[in-house]
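**Student:** My questions will all concern the structure given below.
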Protein chains: 2
Amino acid sequence: MTSQATSIEFTLPLWLHEYMQSCESIISLDDRMAFVIKAAERNVIEGTGGPFAAAIFESDSGKLISLGVNLVTAEQASILHAEMVAITLAQKKLGTYDLGGAGLQQHELVSSTEPCAMCFGAIPWSGLRRVVTGARDEDARQIGFDEGPKPEDWRSELSRRQIEVVTDINRDEARQVLINYRSQGGKIYNSREAG
Amino acid sequence: MTSQATSIEFTLPLWLHEYMQSCESIISLDDRMAFVIKAAERNVIEGTGGPFAAAIFESDSGKLISLGVNLVTAEQASILHAEMVAITLAQKKLGTYDLGGAGLQQHELVSSTEPCAMCFGAIPWSGLRRVVTGARDEDARQIGFDEGPKPEDWRSELSRRQIEVVTDINRDEARQVLINYRSQGGKIYNSREAG
């Protein structure tokens, strides 16, 4: 007989909880991004995962709803990109799979790097109204990360779904985190390493 | 201060564990798909989620590694498509984010419907070597599910990454599960219901 788990559990880094508590709300987009970039940096320093972070804010009030970091290697789960963690934590917190549902504030994802193909595909399902990014996908590719088979016109695909896209916020700082990761010999954890 | 969870936990339906135990390995692709389609059907009957299921098998031996069903509404998490659940359970079980890693058997995803944009993007990160599908994405769209901004040539995008794609296995039976779900008034849980 084949065993199957009865639940799926992921442990979040302890520092994430503490770092999140340092913030209640952030008004400007630049400051929201700075907060997220610092989390990406911290994820590397603490050795809890790749150089990526993402947070969900209420767009108007700037209230911080959730913060995710990349946990692929820490939790041995390839779906655990920072964006997926942030989306899932926000949905758990608000008790709904639809962050754009009736009666809710509008929510936005602030991500230290442009989404890969998977996270791009996850955004329309989440109910998010806006996506704000720092480093470009080409910055991630430059240090060896594969961004996957994402459509060239991913921005317009989201816009067509009434999801606003704002790119290049603090791009230099966000890219620097990627460059530092690479130069410290950080693991580039694309799958299929057996070729 | 803003609270943040210290873990993410998803509960799997009890019947899933029991159903999984009914099977150890399955030789033919048709029979693997029949097993998966039955899980999709069961997910609807039990009221635990949408009409989708996916399993991971060792391609050569047919050994069943994991079984996932759609848990979006049950767990209030938009990322919990059947494929994502199956991939994650397999990686947890084998202790690696890379199902195509050195020293492992080749693994395949058998999914009752072709992947949406998110699951398509997740496949290259998982280490899977083959994807086998039943109903087409147009069959899902026909009952009202949005399949997302997936490239038209998604099959060749996967092939280019040395991931084999086999479609239309038991398509009629797989499609029937979707049609039944719709005719029973099953929830079509695309997000952004507030418009």
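Every chain in the structure tokens has a letter given in the order shown (A, B, ...), and although residue numbers restart at 1 in each chain, ligands are simply numbered from 1 in the order shown.
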Quick one: which chain B residues come within 6 Å of chain A, and what is the nearest atom pair for each with the distance in Å to one decimal, counting only C-alpha atoms, rows ordered by chain and ascending number, as CSV?
**Tutor:**
residue,atom,partner,partner_atom,distance
B:Met1,CA,A:Gln21,CA,5.3
B:Thr2,CA,A:Gln21,CA,5.2
B:Gln4,CA,A:His17,CA,5.6
B:Thr6,CA,A:Leu12,CA,5.3
B:Ser7,CA,A:Thr11,CA,4.4
B:Ile8,CA,A:Phe10,CA,5.1
B:Glu9,CA,A:Glu9,CA,4.4
B:Phe10,CA,A:Ile8,CA,5.1
B:Thr11,CA,A:Ser7,CA,4.4
B:Leu12,CA,A:Ser7,CA,5.1
B:His17,CA,A:Gln4,CA,5.6
B:Gln21,CA,A:Thr2,CA,5.2
B:Glu24,CA,A:Thr2,CA,5.4
B:Gln76,CA,A:Tyr97,CA,4.3
B:Ala77,CA,A:Tyr97,CA,4.6
B:Ser78,CA,A:Tyr97,CA,5.1
B:Thr88,CA,A:Ala77,CA,5.9
B:Thr96,CA,A:Gln76,CA,4.9
B:Tyr97,CA,A:Gln76,CA,4.3
B:Asp98,CA,A:Ser191,CA,5.1
B:Gly100,CA,A:Arg192,CA,4.6
B:Gly101,CA,A:Ala194,CA,4.9
B:Ala102,CA,A:Ala194,CA,4.6
B:Ala117,CA,A:Gly121,CA,4.7
B:Met118,CA,A:Gly121,CA,3.8
B:Gly121,CA,A:Met118,CA,3.8
B:Ala122,CA,A:Met118,CA,5.0
B:Trp125,CA,A:Ser191,CA,5.3
B:Ser126,CA,A:Ser78,CA,5.7
B:Gly127,CA,A:Arg192,CA,4.8
B:Ser191,CA,A:Asp98,CA,5.1
B:Arg192,CA,A:Gly100,CA,4.6
B:Glu193,CA,A:Gly101,CA,5.4
B:Ala194,CA,A:Ala102,CA,4.6
**Student:** Please give chain A as a CSV table (one decimal) with C-alpha atoms, in the first residue's frame, after it has been superposed on chain B by least squares over all Cα atoms paired in order.
**Tutor:**
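Saved file out-v1.csv follows:
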chain,number,residue,atom,x,y,z
A,1,MET,CA,2.0,45.2,14.8
A,2,THR,CA,1.1,43.0,12.0
A,3,SER,CA,0.8,39.3,12.7
A,4,GLN,CA,2.2,36.7,10.4
A,5,ALA,CA,1.8,32.9,10.5
A,6,THR,CA,4.8,30.8,11.4
A,7,SER,CA,3.7,28.0,9.1
A,8,ILE,CA,1.4,27.2,6.2
A,9,GLU,CA,-0.7,24.2,6.6
A,10,PHE,CA,-3.2,22.5,4.2
A,11,THR,CA,-5.4,19.7,5.2
A,12,LEU,CA,-6.0,17.0,2.6
A,13,PRO,CA,-9.4,15.3,2.3
A,14,LEU,CA,-9.6,12.1,4.4
A,15,TRP,CA,-11.0,10.1,1.4
A,16,LEU,CA,-7.9,11.0,-0.6
A,17,HIS,CA,-5.6,9.1,1.8
A,18,GLU,CA,-7.9,6.0,1.7
A,19,TYR,CA,-8.3,6.1,-2.1
A,20,MET,CA,-4.6,6.4,-2.6
A,21,GLN,CA,-4.1,3.3,-0.5
A,22,SER,CA,-6.1,1.3,-2.9
A,23,CYS,CA,-3.3,1.5,-5.4
A,24,GLU,CA,0.4,0.7,-5.5
A,25,SER,CA,1.3,0.9,-9.1
A,26,ILE,CA,-0.4,1.0,-12.5
A,27,ILE,CA,1.1,-0.1,-15.7
A,28,SER,CA,-0.8,1.4,-18.6
A,29,LEU,CA,-1.3,5.1,-19.3
A,30,ASP,CA,-5.1,4.5,-19.8
A,31,ASP,CA,-5.3,2.9,-16.4
A,32,ARG,CA,-3.3,5.6,-14.7
A,33,MET,CA,-5.6,8.2,-16.2
A,34,ALA,CA,-8.7,6.2,-15.2
A,35,PHE,CA,-7.4,6.2,-11.6
A,36,VAL,CA,-6.9,10.0,-11.7
A,37,ILE,CA,-10.3,10.7,-13.4
A,38,LYS,CA,-12.0,8.7,-10.6
A,39,ALA,CA,-10.3,10.9,-8.0
A,40,ALA,CA,-11.6,14.1,-9.8
A,41,GLU,CA,-15.1,12.7,-9.7
A,42,ARG,CA,-14.7,11.7,-6.1
A,43,ASN,CA,-13.5,15.2,-5.2
A,44,VAL,CA,-16.8,16.6,-6.5
A,45,ILE,CA,-19.0,13.9,-4.8
A,46,GLU,CA,-17.3,14.4,-1.5
A,47,GLY,CA,-17.6,18.2,-1.8
A,48,THR,CA,-13.9,18.8,-1.2
A,49,GLY,CA,-13.2,20.8,-4.4
A,50,GLY,CA,-13.3,21.3,-8.1
A,51,PRO,CA,-13.5,18.5,-10.7
A,52,PHE,CA,-9.7,18.1,-11.2
A,53,ALA,CA,-7.2,15.6,-10.1
A,54,ALA,CA,-3.5,14.8,-10.8
A,55,ALA,CA,-1.1,12.1,-9.8
A,56,ILE,CA,2.6,11.5,-10.0
A,57,PHE,CA,3.9,8.1,-11.1
A,58,GLU,CA,7.3,6.7,-11.8
A,59,SER,CA,7.2,6.5,-15.6
A,60,ASP,CA,8.8,3.1,-16.0
A,61,SER,CA,7.5,1.1,-13.0
A,62,GLY,CA,4.1,2.8,-12.8
A,63,LYS,CA,4.6,3.2,-9.0
A,64,LEU,CA,2.2,5.8,-7.6
A,65,ILE,CA,4.0,8.5,-5.8
A,66,SER,CA,1.3,11.1,-5.0
A,67,LEU,CA,-2.2,12.1,-5.7
A,68,GLY,CA,-3.6,15.6,-5.6
A,69,VAL,CA,-7.0,17.1,-6.1
A,70,ASN,CA,-8.1,20.7,-6.5
A,71,LEU,CA,-8.5,22.3,-3.1
A,72,VAL,CA,-8.9,25.9,-4.0
A,73,THR,CA,-12.3,26.4,-2.2
A,74,ALA,CA,-11.7,23.8,0.5
A,75,GLU,CA,-8.5,25.4,1.7
A,76,GLN,CA,-9.2,29.0,0.4
A,77,ALA,CA,-5.9,29.0,-1.6
A,78,SER,CA,-5.9,29.8,-5.3
A,79,ILE,CA,-2.6,28.0,-5.9
A,80,LEU,CA,-4.0,24.7,-4.8
A,81,HIS,CA,-4.8,23.2,-8.2
A,82,ALA,CA,-4.5,19.4,-8.4
A,83,GLU,CA,-1.2,19.5,-10.2
A,84,MET,CA,0.4,21.8,-7.6
A,85,VAL,CA,-0.8,19.5,-4.8
A,86,ALA,CA,0.5,16.4,-6.5
A,87,ILE,CA,3.9,17.9,-7.3
A,88,THR,CA,4.3,19.2,-3.7
A,89,LEU,CA,3.3,15.9,-2.1
A,90,ALA,CA,5.7,14.0,-4.3
A,91,GLN,CA,8.5,16.4,-3.5
A,92,LYS,CA,7.8,16.1,0.2
A,93,LYS,CA,7.7,12.4,0.0
A,94,LEU,CA,11.0,12.1,-1.9
A,95,GLY,CA,12.6,14.9,0.1
A,96,THR,CA,13.6,16.9,-2.9
A,97,TYR,CA,12.3,19.9,-4.9
A,98,ASP,CA,13.8,18.2,-8.0
A,99,LEU,CA,11.9,15.1,-9.1
A,100,GLY,CA,14.3,14.9,-12.0
A,101,GLY,CA,17.4,14.9,-9.8
A,102,ALA,CA,20.4,12.6,-10.0
A,103,GLY,CA,19.7,9.0,-8.9
A,104,LEU,CA,15.9,9.3,-9.1
A,105,GLN,CA,13.5,7.4,-11.3
A,106,GLN,CA,11.8,9.5,-14.1
A,107,HIS,CA,8.5,10.9,-12.9
A,108,GLU,CA,5.4,11.9,-14.8
A,109,LEU,CA,2.3,13.9,-14.0
A,110,VAL,CA,-1.0,12.4,-15.0
A,111,SER,CA,-3.6,15.1,-15.0
A,112,SER,CA,-7.3,14.9,-15.6
A,113,THR,CA,-7.3,18.2,-17.6
A,114,GLU,CA,-4.6,20.1,-19.4
A,115,PRO,CA,-2.7,22.5,-17.1
A,116,CYS,CA,-3.7,26.1,-16.7
A,117,ALA,CA,-1.1,28.9,-17.1
A,118,MET,CA,0.1,28.6,-13.5
A,119,CYS,CA,0.5,24.8,-13.5
A,120,PHE,CA,2.1,24.9,-17.0
A,121,GLY,CA,4.7,27.3,-15.5
A,122,ALA,CA,5.2,25.1,-12.4
A,123,ILE,CA,6.0,21.9,-14.4
A,124,PRO,CA,9.5,22.9,-15.5
A,125,TRP,CA,10.5,23.7,-11.9
A,126,SER,CA,9.3,20.4,-10.6
A,127,GLY,CA,11.8,18.1,-12.4
A,128,LEU,CA,9.0,16.1,-14.1
A,129,ARG,CA,9.9,14.3,-17.3
A,130,ARG,CA,6.5,13.7,-18.8
A,131,VAL,CA,3.0,15.2,-18.6
A,132,VAL,CA,0.0,13.1,-19.6
A,133,THR,CA,-3.4,14.8,-19.9
A,134,GLY,CA,-7.1,13.8,-20.3
A,135,ALA,CA,-9.6,16.6,-21.0
A,136,ARG,CA,-8.4,19.6,-23.0
A,137,ASP,CA,-8.1,23.1,-21.7
A,138,GLU,CA,-10.9,24.0,-24.1
A,139,ASP,CA,-13.1,21.4,-22.3
A,140,ALA,CA,-12.5,23.3,-19.0
A,141,ARG,CA,-13.2,26.7,-20.6
A,142,GLN,CA,-16.4,25.3,-22.0
A,143,ILE,CA,-17.8,24.8,-18.5
A,144,GLY,CA,-16.6,28.3,-17.5
A,145,PHE,CA,-13.2,27.8,-16.0
A,146,ASP,CA,-10.6,30.3,-17.1
A,147,GLU,CA,-7.3,28.6,-18.1
A,148,GLY,CA,-5.3,31.7,-17.9
A,149,PRO,CA,-2.7,33.4,-20.2
A,150,LYS,CA,-1.0,30.1,-21.3
A,151,PRO,CA,1.0,30.2,-24.5
A,152,GLU,CA,-0.7,28.7,-27.6
A,153,ASP,CA,2.3,26.4,-28.1
A,154,TRP,CA,2.6,25.2,-24.5
A,155,ARG,CA,3.2,21.7,-25.6
A,156,SER,CA,6.3,22.7,-27.6
A,157,GLU,CA,7.5,24.9,-24.8
A,158,LEU,CA,7.6,21.8,-22.6
A,159,SER,CA,9.1,19.6,-25.3
A,160,ARG,CA,11.9,22.1,-25.7
A,161,ARG,CA,12.6,21.6,-22.1
A,162,GLN,CA,12.8,17.8,-22.7
A,163,ILE,CA,9.4,17.3,-21.0
A,164,GLU,CA,7.3,14.9,-23.1
A,165,VAL,CA,3.6,15.7,-23.5
A,166,VAL,CA,0.9,13.1,-24.1
A,167,THR,CA,-2.6,14.5,-24.5
A,168,ASP,CA,-6.2,13.2,-25.0
A,169,ILE,CA,-5.8,10.1,-22.8
A,170,ASN,CA,-9.4,9.1,-21.9
A,171,ARG,CA,-10.5,12.5,-22.9
A,172,ASP,CA,-14.2,11.7,-23.1
A,173,GLU,CA,-14.3,10.3,-19.6
A,174,ALA,CA,-12.3,13.2,-18.3
A,175,ARG,CA,-14.5,15.7,-20.0
A,176,GLN,CA,-17.6,14.0,-18.7
A,177,VAL,CA,-16.5,14.8,-15.1
A,178,LEU,CA,-16.3,18.5,-16.0
A,179,ILE,CA,-19.7,18.4,-17.7
A,180,ASN,CA,-21.3,16.7,-14.7
A,181,TYR,CA,-19.8,19.2,-12.3
A,182,ARG,CA,-21.3,22.1,-14.3
A,183,SER,CA,-24.7,20.5,-14.6
A,184,GLN,CA,-24.8,19.9,-10.9
A,185,GLY,CA,-24.3,23.6,-10.4
A,186,GLY,CA,-20.7,23.2,-9.2
A,187,LYS,CA,-18.9,26.5,-8.3
A,188,ILE,CA,-16.8,28.0,-11.0
A,189,TYR,CA,-14.2,29.6,-8.7
A,190,ASN,CA,-12.4,32.0,-11.0
A,191,SER,CA,-11.1,34.9,-8.8
A,192,ARG,CA,-12.0,38.6,-8.9
A,193,GLU,CA,-15.6,37.9,-8.5
A,194,ALA,CA,-16.1,41.5,-7.5
A,195,GLY,CA,-15.2,42.3,-11.1
**Student:** Mind listing the strand (DSSP E or B) residues of segment 17-171 of chain A, per DSSP on the backbone, as a VMD selection string?
**Tutor:** chain A and resid 25 53 to 58 63 to 69 107 to 113 130 to 135 164 to 166
**Student:** Based on the backbone DSSP call, show me all residues of segment 123-194 of chain A assigned alpha helix (DSSP H), as a PyMOL selection string.
**Tutor:** chain A and resi 123-126+137-142+154-160+171-183
**Student:** How about saving the chosen residues, N, CA and C atoms kept, as a JSON list (two decimals), in the first residue's frame?
**Tutor:**
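Wrote selection00.json, looks like this:
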[["chain", "number", "residue", "atom", "x", "y", "z"],
["A", 123, "ILE", "N", -0.94, 34.79, -10.68],
["A", 123, "ILE", "CA", -1.45, 36.12, -10.32],
["A", 123, "ILE", "C", -2.94, 36.30, -10.65],
["A", 124, "PRO", "N", -3.37, 35.94, -11.88],
["A", 124, "PRO", "CA", -4.80, 36.12, -12.16],
["A", 124, "PRO", "C", -5.72, 35.30, -11.25],
["A", 125, "TRP", "N", -5.28, 34.18, -10.72],
["A", 125, "TRP", "CA", -6.12, 33.35, -9.84],
["A", 125, "TRP", "C", -6.24, 33.93, -8.44],
["A", 126, "SER", "N", -5.36, 34.85, -8.10],
["A", 126, "SER", "CA", -5.25, 35.29, -6.70],
["A", 126, "SER", "C", -6.21, 36.42, -6.34],
["A", 137, "ASP", "N", 13.18, 40.31, -15.04],
["A", 137, "ASP", "CA", 13.44, 38.87, -15.20],
["A", 137, "ASP", "C", 14.82, 38.65, -15.85],
["A", 138, "GLU", "N", 15.21, 39.57, -16.71],
["A", 138, "GLU", "CA", 16.55, 39.44, -17.32],
["A", 138, "GLU", "C", 17.67, 39.55, -16.27],
["A", 139, "ASP", "N", 17.40, 40.27, -15.19],
["A", 139, "ASP", "CA", 18.39, 40.37, -14.10],
["A", 139, "ASP", "C", 18.53, 39.01, -13.39],
["A", 140, "ALA", "N", 17.39, 38.31, -13.24],
["A", 140, "ALA", "CA", 17.43, 36.98, -12.63],
["A", 140, "ALA", "C", 18.13, 35.99, -13.57],
["A", 141, "ARG", "N", 17.81, 36.10, -14.86],
["A", 141, "ARG", "CA", 18.45, 35.19, -15.83],
["A", 141, "ARG", "C", 19.96, 35.42, -15.88],
["A", 142, "GLN", "N", 20.32, 36.68, -15.69],
["A", 142, "GLN", "CA", 21.74, 37.01, -15.77],
["A", 142, "GLN", "C", 22.57, 36.28, -14.72],
["A", 154, "TRP", "N", 3.88, 39.57, -21.17],
["A", 154, "TRP", "CA", 3.21, 39.22, -19.91],
["A", 154, "TRP", "C", 2.55, 40.42, -19.24],
["A", 155, "ARG", "N", 3.16, 41.59, -19.42],
["A", 155, "ARG", "CA", 2.55, 42.78, -18.81],
["A", 155, "ARG", "C", 1.17, 43.06, -19.39],
["A", 156, "SER", "N", 1.08, 42.97, -20.73],
["A", 156, "SER", "CA", -0.22, 43.27, -21.35],
["A", 156, "SER", "C", -1.23, 42.16, -21.08],
["A", 157, "GLU", "N", -0.74, 40.93, -20.90],
["A", 157, "GLU", "CA", -1.67, 39.84, -20.53],
["A", 157, "GLU", "C", -2.32, 40.14, -19.18],
["A", 158, "LEU", "N", -1.54, 40.69, -18.26],
["A", 158, "LEU", "CA", -2.11, 41.04, -16.95],
["A", 158, "LEU", "C", -3.01, 42.27, -17.07],
["A", 159, "SER", "N", -2.55, 43.27, -17.83],
["A", 159, "SER", "CA", -3.36, 44.48, -18.00],
["A", 159, "SER", "C", -4.73, 44.13, -18.58],
["A", 160, "ARG", "N", -4.72, 43.22, -19.55],
["A", 160, "ARG", "CA", -5.98, 42.79, -20.18],
["A", 160, "ARG", "C", -6.94, 42.21, -19.15],
["A", 171, "ARG", "N", 14.92, 49.20, -9.01],
["A", 171, "ARG", "CA", 15.51, 48.07, -9.74],
["A", 171, "ARG", "C", 16.98, 47.84, -9.36],
["A", 172, "ASP", "N", 17.76, 48.91, -9.24],
["A", 172, "ASP", "CA", 19.19, 48.74, -8.97],
["A", 172, "ASP", "C", 19.44, 48.02, -7.65],
["A", 173, "GLU", "N", 18.70, 48.43, -6.63],
["A", 173, "GLU", "CA", 18.86, 47.81, -5.31],
["A", 173, "GLU", "C", 18.43, 46.34, -5.37],
["A", 174, "ALA", "N", 17.35, 46.09, -6.08],
["A", 174, "ALA", "CA", 16.82, 44.72, -6.18],
["A", 174, "ALA", "C", 17.81, 43.82, -6.93],
["A", 175, "ARG", "N", 18.39, 44.38, -7.99],
["A", 175, "ARG", "CA", 19.34, 43.61, -8.79],
["A", 175, "ARG", "C", 20.61, 43.33, -7.99],
["A", 176, "GLN", "N", 20.97, 44.28, -7.15],
["A", 176, "GLN", "CA", 22.17, 44.10, -6.35],
["A", 176, "GLN", "C", 22.08, 42.87, -5.44],
["A", 177, "VAL", "N", 20.89, 42.62, -4.93],
["A", 177, "VAL", "CA", 20.69, 41.44, -4.08],
["A", 177, "VAL", "C", 20.97, 40.15, -4.88],
["A", 178, "LEU", "N", 20.53, 40.15, -6.13],
["A", 178, "LEU", "CA", 20.77, 39.00, -7.01],
["A", 178, "LEU", "C", 22.27, 38.83, -7.28],
["A", 179, "ILE", "N", 22.90, 39.93, -7.60],
["A", 179, "ILE", "CA", 24.34, 39.89, -7.91],
["A", 179, "ILE", "C", 25.14, 39.41, -6.70],
["A", 180, "ASN", "N", 24.78, 39.93, -5.52],
["A", 180, "ASN", "CA", 25.48, 39.51, -4.29],
["A", 180, "ASN", "C", 25.30, 38.01, -4.03],
["A", 181, "TYR", "N", 24.09, 37.53, -4.26],
["A", 181, "TYR", "CA", 23.80, 36.11, -4.05],
["A", 181, "TYR", "C", 24.72, 35.26, -4.93],
["A", 182, "ARG", "N", 24.77, 35.66, -6.20],
["A", 182, "ARG", "CA", 25.59, 34.92, -7.15],
["A", 182, "ARG", "C", 27.07, 34.95, -6.76],
["A", 183, "SER", "N", 27.53, 36.12, -6.37],
["A", 183, "SER", "CA", 28.97, 36.25, -6.10],
["A", 183, "SER", "C", 29.36, 35.55, -4.80]]
